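Below: one structure, written as structure tokens.
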Amino acid sequence: MSKKAPLAKKAGVIGGGAWGTALAQVCARAGLATTLWAREADVVASVNARHENTSFLPGIALDPSIRATGDFADLAGSDIVLAVTPAQHLRATLMAFAPHARQGLQILLCAKGVEQGSLKLMTQVLAETIPHAAPAVLSGPSFAGEVARGLPTAVTLACPDPGCAEDLAELIATPSFRPYFATDMIGAEAGGAVKNVLAIACGIVEGRGLGRSAHAALITRGFSELTRLAVALGGEAETVAGLCGLGDLVLTCSSPQSRNMSVGLALGRGQTLQEALAGKLSVAEGVASAPAVRQLAKKLGVDVPICEATAAILAGEVGVDQAIRGLLSRPLREE
């Protein structure tokens with residue numbers, strides 16, 4: 001157990017979307033002086049003037065102590081920073097913030113995905129952009145609106161040092177937000193990245209009207225794919241059997257509130273990807289992560305037929321019905 005770190009007092013949150021705003025709310029409820037960085041000027045103005053994010057979390061009152069800004073310099077004095085920008089934009093965002101990050105700054109990565117091109121997880125992106133930062137990962141079954149309203153939520157908080165993980169969990173915990181600490185960051189990241197792709201697949205099954213049996217089978221077999229990939233990356237099967245893997249998968253694959261499942265629902269009902277994404281302000285991470293997950297699995301020699309089929313549908317390589325037939329015609333095998 002490491003020596004206890006000094007109690008943090010200031011939190012910075014990078015990303016003014018729904019999830020970033022909800023986590024700023026968590027930090028404020030935990031007693032931290034919280035500054036929310038947002039790219040959108042209207043979000044900054046709305047949070048500061050109305051204590052509401054009218055663009056991404058309309059109708060939810062925010063803690064009036066949360067201050068919003070569009071200037072990274074305002075986060076320079078933070079004791080902890082939560083990075084909540086979408087996975088495909090994280091590298092550019094961290095590079096812009098890097099000049100303001102002090103040595104050893106604790107950065108809690110809250111984006112879920114695999115970076116296109118590099119095929120890297122978010123901890124690897126952080127290591128390349130702000131190598132002097134101390135990394136941690138937050139992942140688990142959590143809808144932003146429910147978290148912001150204070151409904152009960154449990155997540156995984158992973159950090160290589162068990163003492164640090166416990167300190168961070170205690171730091172942001174509230175009566176309704178319960179982090180379980182772990183040391184396996186790779187497992188926590190892999191679970192969060194792959195479940196978004198599988199949620200699109202589950203939405204397709206639901207939208208096509210294939211029934212609850214097919215839905216349950218897809219979640220179960222999808223979890224096998226998620227576990228194989230996480231272990232191949234160096235994560236632990238035990239980690240993804242918890243909140244950051246199985247828990248997040250069940251939530252994201254079971255409700256139209258999930259941005260990723262809603263995209264799949266639209267595809268299953270016959271819409272094009274462009275139609276499915278039209279008018280959506282929030283990012284469906286699985287759309288961008290699907291091709292990266294497919295390429296990463298191929299590189300590692302991991303069998304992920306559901307993720308492969310989903311990526312192929314999103315890329316327009318196969319139709320929904322053709323992909324379903326392909327999955328159902330695979331050779332029978334031992335479970």
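Chain labels follow the order of the structure tokens: the first chain is A, the next B, and so on; residue numbering restarts at 1 in every chain, and ligands are counted from 1 in their shown order.
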- request: Name all residues at most 9 Å from A:Tyr180 (count only C-alpha atoms; drop same-chain ones fewer than 2 positions away) and give them as a PyMOL selection string.
  value: chain A and resi 154-158+165-166+169+178+182+243
- request: Skip A:Asp303 itself and residues of its chain fewer than 4 positions away, then list as a list in words all residues within 9 Å of it, counting only C-alpha atoms.
  value: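 Within the cut-off, the hits are Glu225, Arg228, Leu229, Ala297, Lys298 and Glu308 of chain A.
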Each stretch 129-192 of chain A residue no farther than 7 Å from stretch 95-113 of chain A, nearest pair in Å, only C-alpha atoms, as JSON lines:
{"residue": "A:Thr129", "atom": "CA", "partner": "A:Met95", "partner_atom": "CA", "distance": 5.5}
{"residue": "A:Ile130", "atom": "CA", "partner": "A:Ala98", "partner_atom": "CA", "distance": 5.8}
{"residue": "A:His132", "atom": "CA", "partner": "A:Gln103", "partner_atom": "CA", "distance": 5.4}
{"residue": "A:Ala133", "atom": "CA", "partner": "A:Gly104", "partner_atom": "CA", "distance": 4.7}
{"residue": "A:Ala134", "atom": "CA", "partner": "A:Gln106", "partner_atom": "CA", "distance": 4.6}
{"residue": "A:Pro135", "atom": "CA", "partner": "A:Ile107", "partner_atom": "CA", "distance": 5.2}
{"residue": "A:Ala136", "atom": "CA", "partner": "A:Leu108", "partner_atom": "CA", "distance": 4.7}
{"residue": "A:Val137", "atom": "CA", "partner": "A:Leu109", "partner_atom": "CA", "distance": 4.7}
{"residue": "A:Leu138", "atom": "CA", "partner": "A:Cys110", "partner_atom": "CA", "distance": 5.1}
{"residue": "A:Ser139", "atom": "CA", "partner": "A:Cys110", "partner_atom": "CA", "distance": 6.5}
{"residue": "A:Glu189", "atom": "CA", "partner": "A:Lys112", "partner_atom": "CA", "distance": 6.7}
{"residue": "A:Gly192", "atom": "CA", "partner": "A:Lys112", "partner_atom": "CA", "distance": 5.2}
task: Give me the residues within 12 Å of A:Asp74 as a PyMOL selection string, counting only C-alpha atoms and dropping any in the same chain fewer than 4 places off.
output: chain A and resi 10-14+34-38+67-70+78+81+97+99-101
For the residues in that selection, give me all heavy atoms as a tab-separated table (two decimals), in the first residue's frame.
chain	number	residue	atom	x	y	z
A	10	LYS	N	-8.96	20.48	-5.88
A	10	LYS	CA	-9.42	21.04	-7.14
A	10	LYS	C	-9.45	19.98	-8.22
A	10	LYS	O	-8.49	19.24	-8.40
A	10	LYS	CB	-8.50	22.18	-7.57
A	10	LYS	CG	-8.50	23.39	-6.64
A	10	LYS	CD	-7.59	24.49	-7.18
A	10	LYS	CE	-7.59	25.70	-6.26
A	10	LYS	NZ	-6.69	26.76	-6.78
A	11	ALA	N	-10.56	19.92	-8.94
A	11	ALA	CA	-10.71	18.97	-10.04
A	11	ALA	C	-10.95	19.72	-11.34
A	11	ALA	O	-11.72	20.68	-11.37
A	11	ALA	CB	-11.86	18.02	-9.77
A	12	GLY	N	-10.28	19.28	-12.39
A	12	GLY	CA	-10.55	19.79	-13.73
A	12	GLY	C	-11.18	18.68	-14.55
A	12	GLY	O	-10.78	17.51	-14.45
A	13	VAL	N	-12.16	19.01	-15.36
A	13	VAL	CA	-12.81	18.04	-16.24
A	13	VAL	C	-12.68	18.55	-17.66
A	13	VAL	O	-13.11	19.66	-17.98
A	13	VAL	CB	-14.29	17.85	-15.87
A	13	VAL	CG1	-14.95	16.83	-16.82
A	13	VAL	CG2	-14.44	17.39	-14.42
A	14	ILE	N	-12.06	17.74	-18.52
A	14	ILE	CA	-11.87	18.12	-19.92
A	14	ILE	C	-12.93	17.43	-20.76
A	14	ILE	O	-12.91	16.21	-20.92
A	14	ILE	CB	-10.46	17.73	-20.40
A	14	ILE	CG1	-9.39	18.45	-19.59
A	14	ILE	CG2	-10.30	18.04	-21.88
A	14	ILE	CD1	-7.97	18.07	-19.96
A	34	THR	N	-14.57	22.49	-8.78
A	34	THR	CA	-14.56	21.85	-10.09
A	34	THR	C	-14.64	22.84	-11.24
A	34	THR	O	-15.53	23.70	-11.27
A	34	THR	CB	-15.73	20.85	-10.20
A	34	THR	OG1	-15.64	19.91	-9.12
A	34	THR	CG2	-15.71	20.11	-11.52
A	35	THR	N	-13.70	22.71	-12.19
A	35	THR	CA	-13.70	23.52	-13.40
A	35	THR	C	-13.89	22.61	-14.60
A	35	THR	O	-13.17	21.62	-14.77
A	35	THR	CB	-12.37	24.29	-13.55
A	35	THR	OG1	-12.17	25.12	-12.41
A	35	THR	CG2	-12.40	25.17	-14.79
A	36	LEU	N	-14.88	22.93	-15.42
A	36	LEU	CA	-15.23	22.13	-16.59
A	36	LEU	C	-14.76	22.83	-17.85
A	36	LEU	O	-15.20	23.95	-18.14
A	36	LEU	CB	-16.75	21.91	-16.64
A	36	LEU	CG	-17.33	21.22	-17.88
A	36	LEU	CD1	-16.85	19.78	-17.98
A	36	LEU	CD2	-18.86	21.28	-17.87
A	37	TRP	N	-13.84	22.20	-18.58
A	37	TRP	CA	-13.41	22.75	-19.87
A	37	TRP	C	-14.30	22.20	-20.98
A	37	TRP	O	-14.52	21.00	-21.07
A	37	TRP	CB	-11.96	22.37	-20.17
A	37	TRP	CG	-11.49	22.90	-21.50
A	37	TRP	CD1	-10.91	24.10	-21.76
A	37	TRP	CD2	-11.60	22.23	-22.77
A	37	TRP	NE1	-10.64	24.23	-23.10
A	37	TRP	CE2	-11.05	23.09	-23.75
A	37	TRP	CE3	-12.10	20.99	-23.17
A	37	TRP	CZ2	-11.01	22.75	-25.10
A	37	TRP	CZ3	-12.05	20.65	-24.52
A	37	TRP	CH2	-11.52	21.53	-25.46
A	38	ALA	N	-14.82	23.12	-21.82
A	38	ALA	CA	-15.64	22.72	-22.95
A	38	ALA	C	-15.16	23.43	-24.21
A	38	ALA	O	-14.78	24.61	-24.16
A	38	ALA	CB	-17.11	23.04	-22.69
A	67	ARG	N	-17.61	25.66	-12.40
A	67	ARG	CA	-17.24	26.77	-13.28
A	67	ARG	C	-16.82	26.20	-14.62
A	67	ARG	O	-16.02	25.26	-14.68
A	67	ARG	CB	-16.07	27.56	-12.68
A	67	ARG	CG	-15.57	28.69	-13.57
A	67	ARG	CD	-14.22	29.21	-13.08
A	67	ARG	NE	-13.66	30.14	-14.03
A	67	ARG	CZ	-12.37	30.38	-14.16
A	67	ARG	NH1	-11.50	29.74	-13.40
A	67	ARG	NH2	-11.93	31.26	-15.05
A	68	ALA	N	-17.31	26.76	-15.71
A	68	ALA	CA	-16.96	26.30	-17.04
A	68	ALA	C	-15.99	27.28	-17.69
A	68	ALA	O	-16.01	28.48	-17.41
A	68	ALA	CB	-18.20	26.15	-17.91
A	69	THR	N	-15.13	26.76	-18.56
A	69	THR	CA	-14.13	27.58	-19.23
A	69	THR	C	-13.79	26.99	-20.59
A	69	THR	O	-14.01	25.80	-20.82
A	69	THR	CB	-12.84	27.68	-18.39
A	69	THR	OG1	-11.90	28.53	-19.05
A	69	THR	CG2	-12.19	26.31	-18.20
A	70	GLY	N	-13.26	27.83	-21.46
A	70	GLY	CA	-12.75	27.35	-22.73
A	70	GLY	C	-11.25	27.48	-22.82
A	70	GLY	O	-10.66	27.28	-23.88
A	78	SER	N	-5.22	22.34	-11.06
A	78	SER	CA	-6.03	21.19	-10.64
A	78	SER	C	-5.15	20.14	-9.96
A	78	SER	O	-4.01	19.91	-10.34
A	78	SER	CB	-6.72	20.55	-11.84
A	78	SER	OG	-7.58	21.47	-12.49
A	81	VAL	N	-7.30	15.71	-12.91
A	81	VAL	CA	-8.00	16.07	-14.13
A	81	VAL	C	-8.67	14.83	-14.71
A	81	VAL	O	-8.04	13.77	-14.81
A	81	VAL	CB	-7.03	16.68	-15.17
A	81	VAL	CG1	-7.67	16.74	-16.56
A	81	VAL	CG2	-6.59	18.07	-14.74
A	97	PHE	N	-3.59	20.41	-23.92
A	97	PHE	CA	-3.57	20.63	-22.48
A	97	PHE	C	-2.18	20.44	-21.88
A	97	PHE	O	-1.87	20.99	-20.81
A	97	PHE	CB	-4.55	19.66	-21.80
A	97	PHE	CG	-4.48	19.67	-20.29
A	97	PHE	CD1	-4.81	20.80	-19.57
A	97	PHE	CD2	-4.06	18.54	-19.60
A	97	PHE	CE1	-4.73	20.82	-18.18
A	97	PHE	CE2	-3.98	18.54	-18.22
A	97	PHE	CZ	-4.31	19.68	-17.50
A	99	PRO	N	0.87	21.59	-22.01
A	99	PRO	CA	1.69	22.65	-21.42
A	99	PRO	C	1.23	23.09	-20.03
A	99	PRO	O	1.99	23.73	-19.29
A	99	PRO	CB	1.57	23.80	-22.43
A	99	PRO	CG	1.21	23.14	-23.72
A	99	PRO	CD	0.35	21.99	-23.33
A	100	HIS	N	0.00	22.75	-19.69
A	100	HIS	CA	-0.56	23.18	-18.40
A	100	HIS	C	-0.58	22.06	-17.37
A	100	HIS	O	-1.08	22.25	-16.26
A	100	HIS	CB	-2.00	23.69	-18.62
A	100	HIS	CG	-2.10	24.74	-19.68
A	100	HIS	ND1	-1.69	26.04	-19.49
A	100	HIS	CD2	-2.55	24.66	-20.96
A	100	HIS	CE1	-1.89	26.73	-20.60
A	100	HIS	NE2	-2.41	25.91	-21.51
A	101	ALA	N	-0.05	20.89	-17.74
A	101	ALA	CA	-0.08	19.72	-16.84
A	101	ALA	C	1.23	19.64	-16.07
A	101	ALA	O	2.29	19.45	-16.66
A	101	ALA	CB	-0.30	18.44	-17.65
message: Give me the residues near A:Arg149 as a ChimeraX atom specification, where near means some atom within 7 Å (using only C-alpha atoms) and where sequence neighbours in that chain fewer than 3 positions away do not count.
response: /A:60,145-146
Residues flagged alpha helix (DSSP H) by DSSP in stretch 44-127 of chain A, as number ranges by chain: A: 44-50, 90-97, 122-127
query: Which is closest to A:His89 among A:Ala30, A:Ala127, A:Leu62, A:Val114, if we use only C-alpha atoms?
result: A:Val114
query: Closest to A:Ala241 among A:Leu267, A:Ala201, A:Leu328, A:Ala188, using only C-alpha atoms?
result: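 So, comparing all the options, the nearest one is A:Ala188.
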query: Using only C-alpha atoms, which of the listed residues (A:Gly187, A:Leu168, A:Gln322, A:Glu285) sits closest to A:Asp79?
result: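 With only C-alpha atoms as the atom set, the closest residue is A:Leu168.
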message: With distances taken over only C-alpha atoms, which residue among A:Val304, A:Met122, A:Leu57, A:Ala292 lies nearest A:Thr227?
response: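 Checking each of A:Val304, A:Met122, A:Leu57, A:Ala292 against A:Thr227, counting only C-alpha atoms, the winner is A:Val304.
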field: Long-range neighbours of stretch 204-214 of chain A as a ChimeraX atom specification, 7 Å cut-off, only C-alpha atoms, 3 positions minimum in chain
entry: /A:200-201,217-218,264-269
query: Mind checking DSSP for stretch 88-315 of chain A and telling me the strand (DSSP E) residues as a list in words?
result: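 DSSP on the backbone gives strand (DSSP E) at Gln106, Ile107, Leu108, Leu109, Ala134, Pro135, Ala136, Val137, Leu138, Ser139, Thr153, Ala154, Val155, Thr156, Leu157, Ala158, Phe177, Arg178, Pro179, Tyr180, Phe181 and Ala182 of chain A.
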statement: Between A:Arg325, A:Arg294, A:Arg259, A:Arg330, smallest distance to A:Glu115 by only C-alpha atoms belongs to A:Arg294
